[in-house]
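A.B. asks: Enclosed is the structure file protein_29.pdb (PDB, C-alpha atoms).
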```
ATOM      1  CA  MET E  10       5.151 -36.313 -16.390  1.00  0.00           C
ATOM      2  CA  GLY E  11       7.663 -36.626 -13.531  1.00  0.00           C
ATOM      3  CA  LYS E  12       6.423 -35.820 -10.079  1.00  0.00           C
ATOM      4  CA  VAL E  13       8.529 -34.321  -7.320  1.00  0.00           C
ATOM      5  CA  GLU E  14       9.209 -36.716  -4.451  1.00  0.00           C
ATOM      6  CA  GLY E  15      10.726 -36.690  -0.992  1.00  0.00           C
ATOM      7  CA  GLY E  16      11.847 -33.324   0.329  1.00  0.00           C
ATOM      8  CA  MET E  17      10.724 -31.516  -2.810  1.00  0.00           C
ATOM      9  CA  LYS E  18       7.180 -32.721  -2.201  1.00  0.00           C
ATOM     10  CA  CYS E  19       7.348 -30.925   1.129  1.00  0.00           C
ATOM     11  CA  VAL E  20       8.528 -27.777  -0.686  1.00  0.00           C
ATOM     12  CA  LYS E  21       5.577 -28.137  -3.053  1.00  0.00           C
ATOM     13  CA  TYR E  22       3.030 -28.097  -0.229  1.00  0.00           C
ATOM     14  CA  LEU E  23       4.904 -25.355   1.589  1.00  0.00           C
ATOM     15  CA  LEU E  24       4.690 -23.268  -1.578  1.00  0.00           C
ATOM     16  CA  PHE E  25       0.955 -23.952  -1.811  1.00  0.00           C
ATOM     17  CA  VAL E  26       0.418 -22.869   1.823  1.00  0.00           C
ATOM     18  CA  PHE E  27       2.635 -19.841   1.260  1.00  0.00           C
ATOM     19  CA  ASN E  28       0.642 -18.797  -1.798  1.00  0.00           C
ATOM     20  CA  PHE E  29      -2.631 -19.122   0.047  1.00  0.00           C
ATOM     21  CA  ILE E  30      -1.235 -16.845   2.770  1.00  0.00           C
ATOM     22  CA  PHE E  31       0.103 -14.633  -0.014  1.00  0.00           C
ATOM     23  CA  TRP E  32      -3.404 -14.383  -1.484  1.00  0.00           C
ATOM     24  CA  LEU E  33      -4.771 -13.395   1.944  1.00  0.00           C
ATOM     25  CA  MET E  34      -2.066 -10.746   2.276  1.00  0.00           C
ATOM     26  CA  GLY E  35      -2.986  -9.414  -1.159  1.00  0.00           C
ATOM     27  CA  SER E  36      -6.552  -9.050   0.067  1.00  0.00           C
ATOM     28  CA  PHE E  37      -5.252  -7.182   3.113  1.00  0.00           C
ATOM     29  CA  VAL E  38      -3.086  -4.835   1.001  1.00  0.00           C
ATOM     30  CA  LEU E  39      -6.026  -4.137  -1.318  1.00  0.00           C
ATOM     31  CA  ALA E  40      -8.279  -3.447   1.669  1.00  0.00           C
ATOM     32  CA  VAL E  41      -5.728  -1.050   3.203  1.00  0.00           C
ATOM     33  CA  GLY E  42      -5.309   0.730  -0.128  1.00  0.00           C
ATOM     34  CA  LEU E  43      -9.073   1.115  -0.612  1.00  0.00           C
ATOM     35  CA  TRP E  44      -9.448   2.321   2.974  1.00  0.00           C
ATOM     36  CA  LEU E  45      -6.753   4.971   2.478  1.00  0.00           C
ATOM     37  CA  ARG E  46      -8.318   6.041  -0.833  1.00  0.00           C
ATOM     38  CA  PHE E  47     -11.930   6.236   0.360  1.00  0.00           C
ATOM     39  CA  ASP E  48     -11.379   7.111   4.020  1.00  0.00           C
ATOM     40  CA  PRO E  49     -13.989   9.870   4.545  1.00  0.00           C
ATOM     41  CA  GLU E  50     -11.594  12.095   6.492  1.00  0.00           C
ATOM     42  CA  THR E  51      -8.833  11.868   3.871  1.00  0.00           C
ATOM     43  CA  VAL E  52     -11.270  12.455   1.001  1.00  0.00           C
ATOM     44  CA  LEU E  53     -12.693  15.520   2.742  1.00  0.00           C
ATOM     45  CA  LEU E  54      -9.228  17.007   3.274  1.00  0.00           C
ATOM     46  CA  LEU E  55      -8.038  16.425  -0.285  1.00  0.00           C
ATOM     47  CA  THR E  56     -11.053  17.640  -2.229  1.00  0.00           C
ATOM     48  CA  GLY E  57     -10.973  20.831  -4.233  1.00  0.00           C
ATOM     49  CA  ASP E  58      -9.649  21.996  -7.595  1.00  0.00           C
ATOM     50  CA  LYS E  59      -6.153  22.796  -6.327  1.00  0.00           C
ATOM     51  CA  ALA E  60      -5.884  20.051  -3.719  1.00  0.00           C
ATOM     52  CA  PRO E  61      -2.572  18.118  -3.967  1.00  0.00           C
ATOM     53  CA  ASP E  62      -2.912  14.576  -5.272  1.00  0.00           C
ATOM     54  CA  THR E  63       0.586  13.345  -4.377  1.00  0.00           C
ATOM     55  CA  PHE E  64      -0.733  11.320  -1.442  1.00  0.00           C
ATOM     56  CA  PHE E  65      -3.057   9.296  -3.650  1.00  0.00           C
ATOM     57  CA  ILE E  66      -0.231   8.240  -6.010  1.00  0.00           C
ATOM     58  CA  GLY E  67       1.221   5.954  -3.344  1.00  0.00           C
ATOM     59  CA  VAL E  68      -2.280   4.724  -2.509  1.00  0.00           C
ATOM     60  CA  TYR E  69      -2.979   3.821  -6.150  1.00  0.00           C
ATOM     61  CA  ILE E  70       0.293   1.868  -6.315  1.00  0.00           C
ATOM     62  CA  LEU E  71      -0.784  -0.018  -3.189  1.00  0.00           C
ATOM     63  CA  ILE E  72      -4.236  -0.819  -4.633  1.00  0.00           C
ATOM     64  CA  GLY E  73      -2.749  -2.037  -7.919  1.00  0.00           C
ATOM     65  CA  ALA E  74      -0.145  -4.167  -6.154  1.00  0.00           C
ATOM     66  CA  GLY E  75      -2.741  -5.670  -3.805  1.00  0.00           C
ATOM     67  CA  SER E  76      -4.976  -6.668  -6.721  1.00  0.00           C
ATOM     68  CA  LEU E  77      -2.038  -8.211  -8.542  1.00  0.00           C
ATOM     69  CA  VAL E  78      -0.910 -10.070  -5.416  1.00  0.00           C
ATOM     70  CA  MET E  79      -4.329 -11.745  -5.150  1.00  0.00           C
ATOM     71  CA  LEU E  80      -4.181 -12.839  -8.796  1.00  0.00           C
ATOM     72  CA  VAL E  81      -0.598 -14.036  -8.528  1.00  0.00           C
ATOM     73  CA  GLY E  82      -1.356 -15.939  -5.320  1.00  0.00           C
ATOM     74  CA  PHE E  83      -4.027 -17.869  -7.222  1.00  0.00           C
ATOM     75  CA  PHE E  84      -1.602 -18.706 -10.056  1.00  0.00           C
ATOM     76  CA  GLY E  85       1.007 -19.761  -7.516  1.00  0.00           C
ATOM     77  CA  CYS E  86      -1.412 -22.165  -5.804  1.00  0.00           C
ATOM     78  CA  CYS E  87      -2.408 -23.710  -9.140  1.00  0.00           C
ATOM     79  CA  GLY E  88       1.214 -23.979 -10.248  1.00  0.00           C
ATOM     80  CA  ALA E  89       2.283 -25.671  -7.020  1.00  0.00           C
ATOM     81  CA  VAL E  90      -0.566 -28.216  -7.078  1.00  0.00           C
ATOM     82  CA  ARG E  91      -0.186 -29.043 -10.788  1.00  0.00           C
ATOM     83  CA  GLU E  92       3.607 -28.797 -10.687  1.00  0.00           C
ATOM     84  CA  SER E  93       3.386 -26.572 -13.746  1.00  0.00           C
ATOM     85  CA  GLN E  94       6.613 -24.864 -14.770  1.00  0.00           C
ATOM     86  CA  CYS E  95       4.632 -22.427 -16.917  1.00  0.00           C
ATOM     87  CA  LEU E  96       2.419 -21.271 -14.051  1.00  0.00           C
ATOM     88  CA  LEU E  97       5.323 -21.179 -11.612  1.00  0.00           C
ATOM     89  CA  GLY E  98       7.384 -19.212 -14.127  1.00  0.00           C
ATOM     90  CA  SER E  99       4.520 -16.730 -14.551  1.00  0.00           C
ATOM     91  CA  PHE E 100       4.211 -16.601 -10.769  1.00  0.00           C
ATOM     92  CA  PHE E 101       7.913 -15.794 -10.385  1.00  0.00           C
ATOM     93  CA  THR E 102       7.800 -13.088 -13.085  1.00  0.00           C
ATOM     94  CA  CYS E 103       4.740 -11.449 -11.546  1.00  0.00           C
ATOM     95  CA  LEU E 104       6.375 -11.596  -8.124  1.00  0.00           C
ATOM     96  CA  LEU E 105       9.285  -9.572  -9.468  1.00  0.00           C
ATOM     97  CA  ILE E 106       6.889  -6.957 -10.875  1.00  0.00           C
ATOM     98  CA  ILE E 107       4.875  -6.769  -7.654  1.00  0.00           C
ATOM     99  CA  PHE E 108       8.067  -6.691  -5.614  1.00  0.00           C
ATOM    100  CA  GLY E 109       9.138  -3.597  -7.524  1.00  0.00           C
ATOM    101  CA  ALA E 110       5.697  -1.998  -7.123  1.00  0.00           C
ATOM    102  CA  GLU E 111       5.547  -2.679  -3.379  1.00  0.00           C
ATOM    103  CA  VAL E 112       9.050  -1.351  -2.793  1.00  0.00           C
ATOM    104  CA  ALA E 113       8.173   1.690  -4.930  1.00  0.00           C
ATOM    105  CA  ALA E 114       5.063   2.344  -2.813  1.00  0.00           C
ATOM    106  CA  GLY E 115       7.017   1.949   0.416  1.00  0.00           C
ATOM    107  CA  VAL E 116       9.931   4.105  -0.694  1.00  0.00           C
ATOM    108  CA  PHE E 117       7.521   6.670  -2.175  1.00  0.00           C
ATOM    109  CA  GLY E 118       5.695   6.902   1.146  1.00  0.00           C
ATOM    110  CA  PHE E 119       8.883   7.448   3.126  1.00  0.00           C
ATOM    111  CA  LEU E 120      10.859   9.659   0.744  1.00  0.00           C
ATOM    112  CA  ASN E 121       7.956  11.918  -0.234  1.00  0.00           C
ATOM    113  CA  LYS E 122       6.433  12.108   3.225  1.00  0.00           C
ATOM    114  CA  ASP E 123       7.673  15.629   3.932  1.00  0.00           C
ATOM    115  CA  LYS E 124       6.761  16.902   0.448  1.00  0.00           C
ATOM    116  CA  ILE E 125       3.231  15.496   0.647  1.00  0.00           C
ATOM    117  CA  ILE E 126       2.697  17.066   4.063  1.00  0.00           C
ATOM    118  CA  GLU E 127       4.157  20.371   2.879  1.00  0.00           C
ATOM    119  CA  ASP E 128       1.878  20.392  -0.188  1.00  0.00           C
ATOM    120  CA  VAL E 129      -1.215  19.843   1.963  1.00  0.00           C
ATOM    121  CA  GLN E 130      -0.084  22.489   4.474  1.00  0.00           C
ATOM    122  CA  ASN E 131       0.495  25.020   1.677  1.00  0.00           C
ATOM    123  CA  PHE E 132      -2.886  24.177   0.174  1.00  0.00           C
ATOM    124  CA  TYR E 133      -4.562  24.753   3.544  1.00  0.00           C
ATOM    125  CA  SER E 134      -2.665  27.996   4.252  1.00  0.00           C
ATOM    126  CA  THR E 135      -3.474  29.435   0.823  1.00  0.00           C
ATOM    127  CA  THR E 136      -7.146  28.548   1.160  1.00  0.00           C
ATOM    128  CA  TYR E 137      -7.213  29.879   4.731  1.00  0.00           C
ATOM    129  CA  ASN E 138      -5.705  33.229   3.698  1.00  0.00           C
ATOM    130  CA  ASP E 139      -8.219  33.557   0.864  1.00  0.00           C
ATOM    131  CA  ASN E 140     -11.254  32.763   3.003  1.00  0.00           C
ATOM    132  CA  ASN E 141     -10.884  31.440   6.538  1.00  0.00           C
ATOM    133  CA  ASN E 142     -14.614  30.679   6.767  1.00  0.00           C
ATOM    134  CA  SER E 143     -14.889  28.575   3.617  1.00  0.00           C
ATOM    135  CA  THR E 144     -16.464  25.127   3.735  1.00  0.00           C
ATOM    136  CA  LEU E 145     -13.098  23.463   3.117  1.00  0.00           C
ATOM    137  CA  ILE E 146     -11.393  25.294   5.994  1.00  0.00           C
ATOM    138  CA  LEU E 147     -14.253  24.445   8.347  1.00  0.00           C
ATOM    139  CA  THR E 148     -13.925  20.803   7.242  1.00  0.00           C
ATOM    140  CA  TYR E 149     -10.212  20.773   8.104  1.00  0.00           C
ATOM    141  CA  GLN E 150     -10.903  22.303  11.480  1.00  0.00           C
ATOM    142  CA  ARG E 151     -13.677  19.819  12.246  1.00  0.00           C
ATOM    143  CA  VAL E 152     -11.872  16.675  11.057  1.00  0.00           C
ATOM    144  CA  LEU E 153      -8.489  17.523  12.590  1.00  0.00           C
ATOM    145  CA  ASN E 154      -9.787  19.374  15.656  1.00  0.00           C
ATOM    146  CA  CYS E 155      -7.591  22.351  14.815  1.00  0.00           C
ATOM    147  CA  CYS E 156      -7.844  26.066  14.134  1.00  0.00           C
ATOM    148  CA  GLY E 157      -5.773  28.680  12.324  1.00  0.00           C
ATOM    149  CA  THR E 158      -2.184  28.374  11.105  1.00  0.00           C
ATOM    150  CA  LEU E 159       1.275  28.830  12.589  1.00  0.00           C
ATOM    151  CA  ALA E 160       1.391  32.399  11.256  1.00  0.00           C
ATOM    152  CA  SER E 161      -2.231  33.242  12.075  1.00  0.00           C
ATOM    153  CA  SER E 162      -3.534  31.677  15.248  1.00  0.00           C
ATOM    154  CA  CYS E 163      -7.218  31.224  15.894  1.00  0.00           C
ATOM    155  CA  PRO E 164      -8.745  34.089  17.923  1.00  0.00           C
ATOM    156  CA  GLU E 165     -10.894  31.749  20.030  1.00  0.00           C
ATOM    157  CA  PRO E 166      -9.383  28.243  19.890  1.00  0.00           C
ATOM    158  CA  GLU E 167     -11.290  25.367  21.429  1.00  0.00           C
ATOM    159  CA  PRO E 168      -9.693  23.560  24.401  1.00  0.00           C
ATOM    160  CA  GLY E 169      -7.247  20.892  23.264  1.00  0.00           C
ATOM    161  CA  SER E 170      -7.055  22.120  19.658  1.00  0.00           C
ATOM    162  CA  LYS E 171      -3.808  22.927  17.811  1.00  0.00           C
ATOM    163  CA  ASP E 172      -2.905  24.871  14.707  1.00  0.00           C
ATOM    164  CA  CYS E 173      -4.014  23.093  11.548  1.00  0.00           C
ATOM    165  CA  GLU E 174      -0.559  22.882   9.990  1.00  0.00           C
ATOM    166  CA  SER E 175       0.687  20.785  12.925  1.00  0.00           C
ATOM    167  CA  ALA E 176      -2.514  18.720  12.839  1.00  0.00           C
ATOM    168  CA  ILE E 177      -2.047  18.074   9.093  1.00  0.00           C
ATOM    169  CA  LYS E 178       1.502  16.853   9.745  1.00  0.00           C
ATOM    170  CA  ASP E 179       0.360  14.409  12.447  1.00  0.00           C
ATOM    171  CA  PHE E 180      -2.577  13.137  10.369  1.00  0.00           C
ATOM    172  CA  PHE E 181      -0.664  12.415   7.163  1.00  0.00           C
ATOM    173  CA  ASN E 182       2.395  11.075   8.988  1.00  0.00           C
ATOM    174  CA  ASN E 183       0.220   8.241  10.289  1.00  0.00           C
ATOM    175  CA  LYS E 184      -1.295   7.529   6.859  1.00  0.00           C
ATOM    176  CA  LEU E 185       2.028   7.572   5.012  1.00  0.00           C
ATOM    177  CA  TYR E 186       3.709   5.276   7.515  1.00  0.00           C
ATOM    178  CA  ILE E 187       0.946   2.746   6.811  1.00  0.00           C
ATOM    179  CA  ILE E 188       1.750   2.869   3.073  1.00  0.00           C
ATOM    180  CA  GLY E 189       5.462   2.536   3.733  1.00  0.00           C
ATOM    181  CA  TYR E 190       5.351  -0.322   6.238  1.00  0.00           C
ATOM    182  CA  VAL E 191       2.751  -2.337   4.307  1.00  0.00           C
ATOM    183  CA  GLY E 192       4.659  -1.963   1.028  1.00  0.00           C
ATOM    184  CA  ILE E 193       8.063  -2.902   2.435  1.00  0.00           C
ATOM    185  CA  GLY E 194       6.631  -5.693   4.623  1.00  0.00           C
ATOM    186  CA  ILE E 195       4.883  -7.423   1.725  1.00  0.00           C
ATOM    187  CA  ALA E 196       7.992  -7.026  -0.418  1.00  0.00           C
ATOM    188  CA  GLY E 197       9.989  -8.918   2.196  1.00  0.00           C
ATOM    189  CA  VAL E 198       7.492 -11.792   2.200  1.00  0.00           C
ATOM    190  CA  MET E 199       7.692 -11.967  -1.595  1.00  0.00           C
ATOM    191  CA  ILE E 200      11.400 -12.754  -1.454  1.00  0.00           C
ATOM    192  CA  ILE E 201      10.517 -16.001   0.345  1.00  0.00           C
ATOM    193  CA  GLY E 202       7.952 -16.806  -2.344  1.00  0.00           C
ATOM    194  CA  MET E 203      10.480 -16.285  -5.120  1.00  0.00           C
ATOM    195  CA  ILE E 204      12.956 -18.621  -3.412  1.00  0.00           C
ATOM    196  CA  PHE E 205      10.292 -21.350  -2.985  1.00  0.00           C
ATOM    197  CA  SER E 206       9.143 -21.051  -6.605  1.00  0.00           C
ATOM    198  CA  MET E 207      12.714 -21.240  -7.936  1.00  0.00           C
ATOM    199  CA  VAL E 208      13.457 -24.363  -5.862  1.00  0.00           C
ATOM    200  CA  LEU E 209      10.251 -26.075  -6.989  1.00  0.00           C
ATOM    201  CA  CYS E 210      10.806 -25.162 -10.668  1.00  0.00           C
ATOM    202  CA  CYS E 211      14.302 -26.675 -10.515  1.00  0.00           C
ATOM    203  CA  ALA E 212      12.941 -29.822  -8.834  1.00  0.00           C
ATOM    204  CA  ILE E 213      10.226 -30.235 -11.504  1.00  0.00           C
ATOM    205  CA  ARG E 214      12.760 -29.750 -14.308  1.00  0.00           C
ATOM    206  CA  ASN E 215      15.148 -32.279 -12.786  1.00  0.00           C
ATOM    207  CA  SER E 216      12.406 -34.863 -12.251  1.00  0.00           C
ATOM    208  CA  ARG E 217      11.337 -34.575 -15.904  1.00  0.00           C
ATOM    209  CA  GLU E 218      14.914 -34.990 -17.085  1.00  0.00           C
ATOM    210  CA  VAL E 219      15.185 -38.182 -15.013  1.00  0.00           C
ATOM    211  CA  ILE E 220      11.946 -39.526 -16.485  1.00  0.00           C
TER     212      ILE E 220
END
```
Rewrite the structure of this file - the entire thing - as structure tokens.
C.D. replies:
Amino acid sequence: MGKVEGGMKCVKYLLFVFNFIFWLMGSFVLAVGLWLRFDPETVLLLTGDKAPDTFFIGVYILIGAGSLVMLVGFFGCCGAVRESQCLLGSFFTCLLIIFGAEVAAGVFGFLNKDKIIEDVQNFYSTTYNDNNNSTLILTYQRVLNCCGTLASSCPEPEPGSKDCESAIKDFFNNKLYIIGYVGIGIAGVMIIGMIFSMVLCCAIRNSREVI
């Protein structure tokens, strides 16, 4: 079996280091996704039979992509060390899939930001109008430090509190920006990985043809 030499050997080790970093980033993406999914405040606000689940769609994409990134990072490390075209080819294919998933999560977070916030605001307003002393409404008011709605202000608001519709917008804006920036940021890093893997695959193929 031909081995890569010279500058391509440097590319090989760079790809290995990159994939190790890639694996760490996959762990980070998975951790962020799990945090967003099981964050006690978010779970409390989105519980209930009619609670909107749009927010969690982007989170599930992030969790799936993070898990796949960790697996692909492992394959990439093995492929770089063993100079295996099969593993590197699988690595490249999986990178394309993850790239699409990460971009989808990022774009989903940005494009659907207003709709997600509007769905949660409508859910809160409907529940508030039905029973403004329900457990769910009290949970919103406690977690977000808010009271009432834009149309129906709280009779005795606490100092520093705001209406819950504005508080919902601020809360989910922060969460959705995390999904968007993490998804698009990781997608950008993956482009570098695809370039490295293509260069190394070509070098391995050429070295075998020479041998």
A.B. asks: Skipping near chain neighbours, those fewer than 3 positions away, what residues fall within 9 Å of Phe29 of chain E using all atoms listed in the file, listed as an MDAnalysis selection string?
C.D. replies: chainID E and resid 24:26 32:34 82:83 85:86
A.B. asks: What are the closest atom pairs, with distances in Å to one decimal, for all residues of segment 103-159 of chain E lying within 8 Å of segment 36-57 of chain E? Consider all atoms listed in the file, order rows by chain and residue number, and present the result as a Markdown table.
C.D. replies:
```
| residue | atom | partner | partner_atom | distance |
| --- | --- | --- | --- | --- |
| E:Val129 | CA | E:Leu55 | CA | 8.0 |
| E:Leu145 | CA | E:Leu54 | CA | 7.5 |
| E:Thr148 | CA | E:Leu53 | CA | 7.0 |
| E:Tyr149 | CA | E:Leu54 | CA | 6.2 |
| E:Val152 | CA | E:Glu50 | CA | 6.5 |
```
A.B. asks: On this structure, the PyMOL selection byres ((chain E and resi 175-183) around 7) would catch which residues? List them as a list in words, sorted by chain and number.
C.D. replies: Ile126, Gln130, Leu153, Cys155, Lys171, Asp172, Cys173, Glu174, Lys184, Leu185, Tyr186 and Ile187 of chain E
A.B. asks: Report, in Å with one decimal, the straight-line distance from atom CA of Thr144 of chain E to atom CA of Thr158 of chain E.
C.D. replies: 16.4 Å
A.B. asks: Out of E:Cys156, E:Val78, E:Ile195, E:Ile107, which residue has the shortest atom-to-atom distance to Ser170 of chain E when counting all atoms listed in the file?
C.D. replies: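 Comparing E:Cys156, E:Val78, E:Ile195, E:Ile107 against Ser170 of chain E, the winner is E:Cys156.
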A.B. asks: How many Å lie between atom CA of Ile200 of chain E and atom CA of Lys122 of chain E, rounded to one decimal?
C.D. replies: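 Taking atom CA of Ile200 of chain E as the start and atom CA of Lys122 of chain E as the end point, the length is 25.8 Å.
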A.B. asks: Between atom CA of Ser99 of chain E and atom CA of Ala196 of chain E, what is the distance in Å, rounded to a tenth?
C.D. replies: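 Straight-line distance from atom CA of Ser99 of chain E to atom CA of Ala196 of chain E works out to 17.5 Å.
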A.B. asks: As a check of understanding, name the residues that the PyMOL selection byres ((chain E and resi 121) around 12) selects in the supplied structure, as a list of chain:residue names.
C.D. replies: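 What the PyMOL selection byres ((chain E and resi 121) around 12) grabs from the file is E:Thr63, E:Phe64, E:Phe65, E:Ile66, E:Gly67, E:Ala113, E:Ala114, E:Gly115, E:Val116, E:Phe117, E:Gly118, E:Phe119, E:Leu120, E:Lys122, E:Asp123, E:Lys124, E:Ile125, E:Ile126, E:Glu127, E:Asp128, E:Phe181, E:Asn182, E:Leu185, E:Tyr186, E:Ile188, E:Gly189.
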A.B. asks: Given the file shown, determine the residues that the PyMOL selection byres ((chain E and resi 203) around 12) selects; report them as number ranges by chain.
C.D. replies: E: 24, 27-28, 31, 81-82, 85, 97-108, 196-202, 204-210
A.B. asks: Name the closest residue to Ala160 of chain E among the candidates E:Tyr69, E:Ser143, E:Ser134, E:Gly194; distances are taken between atoms, counting all atoms listed in the file.
C.D. replies: E:Ser134
A.B. asks: For segment 52-64 of chain E, I'd like the enclosing box, axis-aligned and padded by 5 Å on every side, reported as lines of an AutoDock Vina configuration file with centre and edge lengths in Å to one decimal.
C.D. replies:
```
center_x = -6.1
center_y = 17.1
center_z = -2.2
size_x = 23.3
size_y = 21.5
size_z = 20.9
```
A.B. asks: Identify which of the residues E:Val90, E:Cys211, E:Gly73, E:Asn154 lies closest to Leu23 of chain E, counting only C-alpha atoms when measuring atom-to-atom distances.
C.D. replies: E:Val90
